[in-house]
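Undergrad: Take a look at the following structure, please.
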Amino acid sequence: MSLLNSMNPPLKFSSFYDAITYHSQCPMCHNPLEINDNRIVSNIKSYDGEKVHQKLTFILGDDSLTIDVDTELIDVKIGQPYNPVYSIGSSTVYNIGRGSTIPSSGIFIQGFNIDCMICCLFSYTLQMILDMNEVKLAGIYLNSETITVESEGIVHEVRNVYSTHKTEYNSFTKDGGQKSFSLPIVPLDLQAPKETISRIRKLIIFS
Ligand SMILES: [Zn+2]
């Protein structure tokens, strides 16, 4: 993991690969995280005898965008729906809109999620910025991280949104009660999430 601007969120990753492997496992259940976004129709890994190559394809309206994780080469097809390659065990979700989405020039921003599919208690969102004049990746940023903790019958959800420098805190009780607060960013301690929760709750009391 190598980060630029680590003192000044939103974090900019030095590579696409660093971004998608920012957290190698779920801090809550320690299972591997997965790229999980219903706009991604293809996530193919192939092995050329030396290393694993990975390509992700997004369907965006009638357009498709493929990024090679290793080389960061971008392939954009405007108005040409992509024919997904189905592999055994793939759970492809199709979500095709209408019309062209990807501009042919300027800047294009596309976000996607990386989640724990086992416990569903942790996820993070990345934002990739594409320079469409040169059809290349201009940057990839950590947009947000969300962690959910249950403690004493209350479900606490903390979402740190680095693009807006806010911590969005929601609590849910079994009887249907819900509270929401927005705070200046509180660092997430993923090793001790309950510490982060108690810190947030103290800030709310004194706010
Ligand atoms: Zn998990």
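Residue numbers start at 1 in each chain; chains themselves are named A, B, ... in the order of the structure tokens; ligands are numbered from 1 in the order shown.
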Write out as a VMD selection string which residues come within 10 Å of A:Leu65 when counting only C-alpha atoms, dropping same-chain ones fewer than 2 positions away.

TA: chain A and resid 40 56 to 60 63 67 74 to 78 82 102

Undergrad: May I have a table of the residues of chain A lying at most 10 Å from ligand 1, giving each one's closest pair of atoms and their distance in Å to one decimal, counting only C-alpha atoms and all ligand atoms, ordered by chain and ascending residue number, as a Markdown table?

TA:
```
| residue | atom | partner | partner_atom_place_in_ligand_line | distance |
| --- | --- | --- | --- | --- |
| A:Gln25 | CA | ligand 1 | 1 (Zn) | 7.8 |
| A:Cys26 | CA | ligand 1 | 1 (Zn) | 4.6 |
| A:Pro27 | CA | ligand 1 | 1 (Zn) | 6.7 |
| A:Met28 | CA | ligand 1 | 1 (Zn) | 5.0 |
| A:Cys29 | CA | ligand 1 | 1 (Zn) | 4.1 |
| A:His30 | CA | ligand 1 | 1 (Zn) | 6.0 |
| A:Asn31 | CA | ligand 1 | 1 (Zn) | 5.7 |
| A:Pro32 | CA | ligand 1 | 1 (Zn) | 7.8 |
| A:Leu33 | CA | ligand 1 | 1 (Zn) | 7.5 |
| A:Asp115 | CA | ligand 1 | 1 (Zn) | 8.1 |
| A:Cys116 | CA | ligand 1 | 1 (Zn) | 4.6 |
| A:Met117 | CA | ligand 1 | 1 (Zn) | 6.7 |
| A:Ile118 | CA | ligand 1 | 1 (Zn) | 5.2 |
| A:Cys119 | CA | ligand 1 | 1 (Zn) | 4.0 |
| A:Cys120 | CA | ligand 1 | 1 (Zn) | 5.6 |
| A:Leu121 | CA | ligand 1 | 1 (Zn) | 5.6 |
| A:Phe122 | CA | ligand 1 | 1 (Zn) | 6.1 |
| A:Ser123 | CA | ligand 1 | 1 (Zn) | 8.7 |
| A:Ile147 | CA | ligand 1 | 1 (Zn) | 9.7 |
| A:Thr148 | CA | ligand 1 | 1 (Zn) | 9.9 |
```

Undergrad: Generate the output file for the selected residues, N, CA and C atoms, as a JSON list (two decimals), in the first residue's frame.

TA:
```json
[["chain", "number", "residue", "atom", "x", "y", "z"],
["A", 25, "GLN", "N", -8.21, -7.35, 3.34],
["A", 25, "GLN", "CA", -9.26, -8.17, 3.94],
["A", 25, "GLN", "C", -10.20, -7.31, 4.77],
["A", 26, "CYS", "N", -11.37, -7.90, 5.07],
["A", 26, "CYS", "CA", -12.36, -7.19, 5.87],
["A", 26, "CYS", "C", -11.83, -7.02, 7.29],
["A", 27, "PRO", "N", -11.85, -5.79, 7.84],
["A", 27, "PRO", "CA", -11.37, -5.62, 9.21],
["A", 27, "PRO", "C", -12.28, -6.28, 10.25],
["A", 28, "MET", "N", -13.52, -6.60, 9.86],
["A", 28, "MET", "CA", -14.46, -7.18, 10.81],
["A", 28, "MET", "C", -14.39, -8.70, 10.84],
["A", 29, "CYS", "N", -14.39, -9.34, 9.65],
["A", 29, "CYS", "CA", -14.45, -10.82, 9.64],
["A", 29, "CYS", "C", -13.21, -11.43, 9.00],
["A", 30, "HIS", "N", -12.32, -10.60, 8.47],
["A", 30, "HIS", "CA", -11.03, -11.03, 7.91],
["A", 30, "HIS", "C", -11.15, -11.85, 6.63],
["A", 31, "ASN", "N", -12.33, -11.84, 6.01],
["A", 31, "ASN", "CA", -12.45, -12.49, 4.70],
["A", 31, "ASN", "C", -12.00, -11.51, 3.62],
["A", 32, "PRO", "N", -11.63, -12.03, 2.44],
["A", 32, "PRO", "CA", -11.21, -11.13, 1.37],
["A", 32, "PRO", "C", -12.35, -10.21, 0.93],
["A", 33, "LEU", "N", -11.99, -9.00, 0.55],
["A", 33, "LEU", "CA", -12.98, -8.06, 0.02],
["A", 33, "LEU", "C", -13.13, -8.29, -1.48],
["A", 115, "ASP", "N", -16.44, -4.29, -1.31],
["A", 115, "ASP", "CA", -17.24, -4.68, -0.14],
["A", 115, "ASP", "C", -16.77, -5.99, 0.45],
["A", 116, "CYS", "N", -17.15, -6.20, 1.72],
["A", 116, "CYS", "CA", -17.10, -7.55, 2.27],
["A", 116, "CYS", "C", -18.44, -8.21, 1.97],
["A", 117, "MET", "N", -18.41, -9.27, 1.16],
["A", 117, "MET", "CA", -19.65, -9.95, 0.77],
["A", 117, "MET", "C", -20.04, -11.00, 1.82],
["A", 118, "ILE", "N", -19.18, -11.21, 2.83],
["A", 118, "ILE", "CA", -19.45, -12.25, 3.82],
["A", 118, "ILE", "C", -20.24, -11.65, 4.99],
["A", 119, "CYS", "N", -19.69, -10.63, 5.65],
["A", 119, "CYS", "CA", -20.39, -10.06, 6.81],
["A", 119, "CYS", "C", -21.12, -8.77, 6.45],
["A", 120, "CYS", "N", -20.78, -8.15, 5.32],
["A", 120, "CYS", "CA", -21.42, -6.91, 4.85],
["A", 120, "CYS", "C", -21.24, -5.76, 5.85],
["A", 121, "LEU", "N", -20.22, -5.82, 6.70],
["A", 121, "LEU", "CA", -20.04, -4.77, 7.71],
["A", 121, "LEU", "C", -18.98, -3.74, 7.32],
["A", 122, "PHE", "N", -18.32, -3.97, 6.18],
["A", 122, "PHE", "CA", -17.28, -3.03, 5.77],
["A", 122, "PHE", "C", -17.29, -2.85, 4.26],
["A", 123, "SER", "N", -17.12, -1.61, 3.83],
["A", 123, "SER", "CA", -16.97, -1.37, 2.40],
["A", 123, "SER", "C", -16.21, -0.07, 2.19],
["A", 147, "ILE", "N", -18.17, 1.45, 7.94],
["A", 147, "ILE", "CA", -18.08, 0.30, 8.83],
["A", 147, "ILE", "C", -19.33, 0.25, 9.69],
["A", 148, "THR", "N", -19.80, -0.97, 9.95],
["A", 148, "THR", "CA", -21.00, -1.16, 10.76],
["A", 148, "THR", "C", -20.64, -2.02, 11.96]]
```

Undergrad: Could you tell me how far atom CA of A:Val186 lies from atom CA of A:Asn113, in Å and to one decimal?

TA: 21.0 Å

Undergrad: Take atom CA of A:Gly177 and atom CA of A:Glu145 and report the distance between them in Å, one decimal.

TA: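 Pair atom CA of A:Gly177 / atom CA of A:Glu145 returns 23.7 Å.
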
Undergrad: In stretch 70-207 of chain A, what's alpha helix (DSSP H) per DSSP? Answer as a PyMOL selection string?

TA: chain A and resi 193-205

Undergrad: Export C-alpha atoms of the chosen residues as an mmCIF file, in the first residue's frame?

TA:
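New file result.cif:
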```cif
data_model
loop_
_atom_site.group_PDB
_atom_site.id
_atom_site.type_symbol
_atom_site.label_atom_id
_atom_site.label_comp_id
_atom_site.auth_asym_id
_atom_site.auth_seq_id
_atom_site.Cartn_x
_atom_site.Cartn_y
_atom_site.Cartn_z
ATOM 1 C CA PRO A 193 -13.972 0.074 15.557
ATOM 2 C CA LYS A 194 -15.760 0.298 18.922
ATOM 3 C CA GLU A 195 -13.221 2.932 20.014
ATOM 4 C CA THR A 196 -14.209 5.001 16.990
ATOM 5 C CA ILE A 197 -17.887 4.597 17.888
ATOM 6 C CA SER A 198 -17.386 5.754 21.474
ATOM 7 C CA ARG A 199 -15.334 8.722 20.255
ATOM 8 C CA ILE A 200 -18.131 9.710 17.865
ATOM 9 C CA ARG A 201 -20.777 9.339 20.561
ATOM 10 C CA LYS A 202 -18.786 11.613 22.886
ATOM 11 C CA LEU A 203 -18.484 14.203 20.131
ATOM 12 C CA ILE A 204 -22.260 14.049 19.573
ATOM 13 C CA ILE A 205 -22.972 14.589 23.276
#
```

Undergrad: Nearest to A:Met128: which of A:Asn38, A:Gln110, A:Asn143, A:Thr71 is it, counting only C-alpha atoms?

TA: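 Comparing A:Asn38, A:Gln110, A:Asn143, A:Thr71 against A:Met128, the winner is A:Gln110.
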
Undergrad: Determine the nearest neighbour of A:Glu34 from the options A:Thr146, A:Ser14, A:Thr173, A:Thr21, counting only C-alpha atoms.

TA: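 Ranked by minimum distance to A:Glu34, first place goes to A:Thr21.
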
Undergrad: I need the strand (DSSP E or B) residues of chain A per DSSP on the backbone, written as JSON, numbers by chain.

TA: {"A": [3, 4, 12, 13, 25, 32, 34, 35, 40, 41, 42, 43, 44, 45, 46, 47, 52, 53, 54, 55, 56, 57, 58, 59, 60, 61, 63, 64, 65, 66, 67, 68, 73, 74, 75, 76, 77, 100, 107, 108, 109, 110, 111, 112, 113, 114, 115, 122, 123, 124, 125, 126, 127, 128, 129, 130, 131, 136, 137, 138, 139, 140, 141, 142, 143, 144, 145, 146, 147, 148, 149, 150, 151, 154, 155, 156, 157, 158, 159, 160, 161, 166, 167, 168, 169, 170, 171, 172, 173, 178, 179, 180, 181, 182, 183, 184]}

Undergrad: Mind dumping the selected residues with C-alpha atoms as a short mmCIF file (atom, residue, chain, number, x, y, z; two decimals), in the first residue's frame?

TA:
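Result file follows (part_28.cif):
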```cif
data_model
loop_
_atom_site.label_atom_id
_atom_site.label_comp_id
_atom_site.auth_asym_id
_atom_site.auth_seq_id
_atom_site.Cartn_x
_atom_site.Cartn_y
_atom_site.Cartn_z
CA LEU A 3 -0.48 6.54 -0.71
CA LEU A 4 0.08 10.07 -1.77
CA LYS A 12 -4.94 9.64 -3.88
CA PHE A 13 -3.53 6.22 -4.67
CA GLN A 25 -9.26 -8.17 3.94
CA PRO A 32 -11.21 -11.13 1.37
CA GLU A 34 -14.53 -8.05 -3.43
CA ILE A 35 -15.06 -5.47 -6.11
CA ILE A 40 -19.05 -4.03 -13.56
CA VAL A 41 -20.04 -6.83 -15.91
CA SER A 42 -16.68 -8.45 -16.31
CA ASN A 43 -13.75 -8.95 -13.94
CA ILE A 44 -11.42 -11.34 -15.69
CA LYS A 45 -8.15 -12.57 -14.29
CA SER A 46 -5.75 -14.39 -16.59
CA TYR A 47 -2.29 -15.80 -16.02
CA VAL A 52 -1.89 -12.48 -13.13
CA HIS A 53 -3.53 -9.93 -15.39
CA GLN A 54 -6.84 -8.46 -14.41
CA LYS A 55 -9.28 -6.47 -16.53
CA LEU A 56 -12.44 -4.79 -15.31
CA THR A 57 -15.24 -3.77 -17.65
CA PHE A 58 -17.94 -1.30 -16.66
CA ILE A 59 -21.18 -0.89 -18.60
CA LEU A 60 -22.27 2.74 -18.48
CA GLY A 61 -25.41 3.39 -20.46
CA ASP A 63 -20.98 2.57 -23.48
CA SER A 64 -18.39 0.31 -21.99
CA LEU A 65 -15.10 1.06 -20.31
CA THR A 66 -12.40 -1.54 -19.71
CA ILE A 67 -9.35 -0.95 -17.56
CA ASP A 68 -6.35 -3.23 -17.40
CA LEU A 73 -4.66 1.04 -20.26
CA ILE A 74 -8.24 2.14 -20.86
CA ASP A 75 -10.45 0.90 -23.65
CA VAL A 76 -13.67 2.87 -24.18
CA LYS A 77 -16.41 1.78 -26.53
CA SER A 100 -24.20 7.63 -24.15
CA ILE A 107 -12.81 14.64 -17.46
CA PHE A 108 -15.00 11.65 -16.60
CA ILE A 109 -15.45 10.50 -13.00
CA GLN A 110 -16.63 6.99 -12.17
CA GLY A 111 -17.01 5.52 -8.70
CA PHE A 112 -17.26 1.91 -7.62
CA ASN A 113 -17.43 -0.10 -4.40
CA ILE A 114 -15.28 -2.72 -2.75
CA ASP A 115 -17.24 -4.68 -0.14
CA PHE A 122 -17.28 -3.03 5.77
CA SER A 123 -16.97 -1.37 2.40
CA TYR A 124 -15.06 1.37 0.66
CA THR A 125 -15.72 3.44 -2.41
CA LEU A 126 -13.18 4.51 -4.99
CA GLN A 127 -13.44 7.30 -7.49
CA MET A 128 -11.46 7.05 -10.67
CA ILE A 129 -10.87 10.15 -12.73
CA LEU A 130 -10.32 9.66 -16.42
CA ASP A 131 -8.82 12.14 -18.81
CA LYS A 136 -6.04 7.60 -19.59
CA LEU A 137 -6.41 7.30 -15.85
CA ALA A 138 -5.72 10.71 -14.32
CA GLY A 139 -6.11 9.57 -10.71
CA ILE A 140 -7.88 7.22 -8.35
CA TYR A 141 -9.05 8.37 -4.93
CA LEU A 142 -10.53 6.94 -1.76
CA ASN A 143 -14.00 8.48 -1.70
CA SER A 144 -15.42 6.86 1.44
CA GLU A 145 -15.16 4.02 3.95
CA THR A 146 -18.14 2.53 5.79
CA ILE A 147 -18.08 0.30 8.83
CA THR A 148 -21.00 -1.16 10.76
CA VAL A 149 -20.69 -2.22 14.39
CA GLU A 150 -23.34 -3.78 16.62
CA SER A 151 -22.99 -3.08 20.31
CA ILE A 154 -27.59 -0.77 18.75
CA VAL A 155 -26.31 -0.94 15.18
CA HIS A 156 -23.83 1.87 14.50
CA GLU A 157 -22.95 2.77 10.94
CA VAL A 158 -20.02 5.11 10.32
CA ARG A 159 -19.35 6.40 6.85
CA ASN A 160 -16.31 8.59 6.39
CA VAL A 161 -16.73 10.62 3.23
CA LYS A 166 -17.47 14.44 6.84
CA THR A 167 -18.23 11.51 9.09
CA GLU A 168 -21.84 10.43 8.58
CA TYR A 169 -23.00 8.50 11.65
CA ASN A 170 -26.27 6.55 11.85
CA SER A 171 -27.54 4.46 14.73
CA PHE A 172 -30.41 2.00 14.62
CA THR A 173 -32.13 0.40 17.58
CA GLN A 178 -32.82 5.90 14.12
CA LYS A 179 -30.47 8.82 14.67
CA SER A 180 -28.23 10.52 12.12
CA PHE A 181 -25.39 12.95 12.67
CA SER A 182 -22.87 14.57 10.39
CA LEU A 183 -19.52 15.48 11.96
CA PRO A 184 -16.14 16.79 10.85
#
```

Undergrad: In Å, with one decimal, what is the gap from atom CA of A:Thr164 to atom CA of A:Glu134?

TA: 28.0 Å
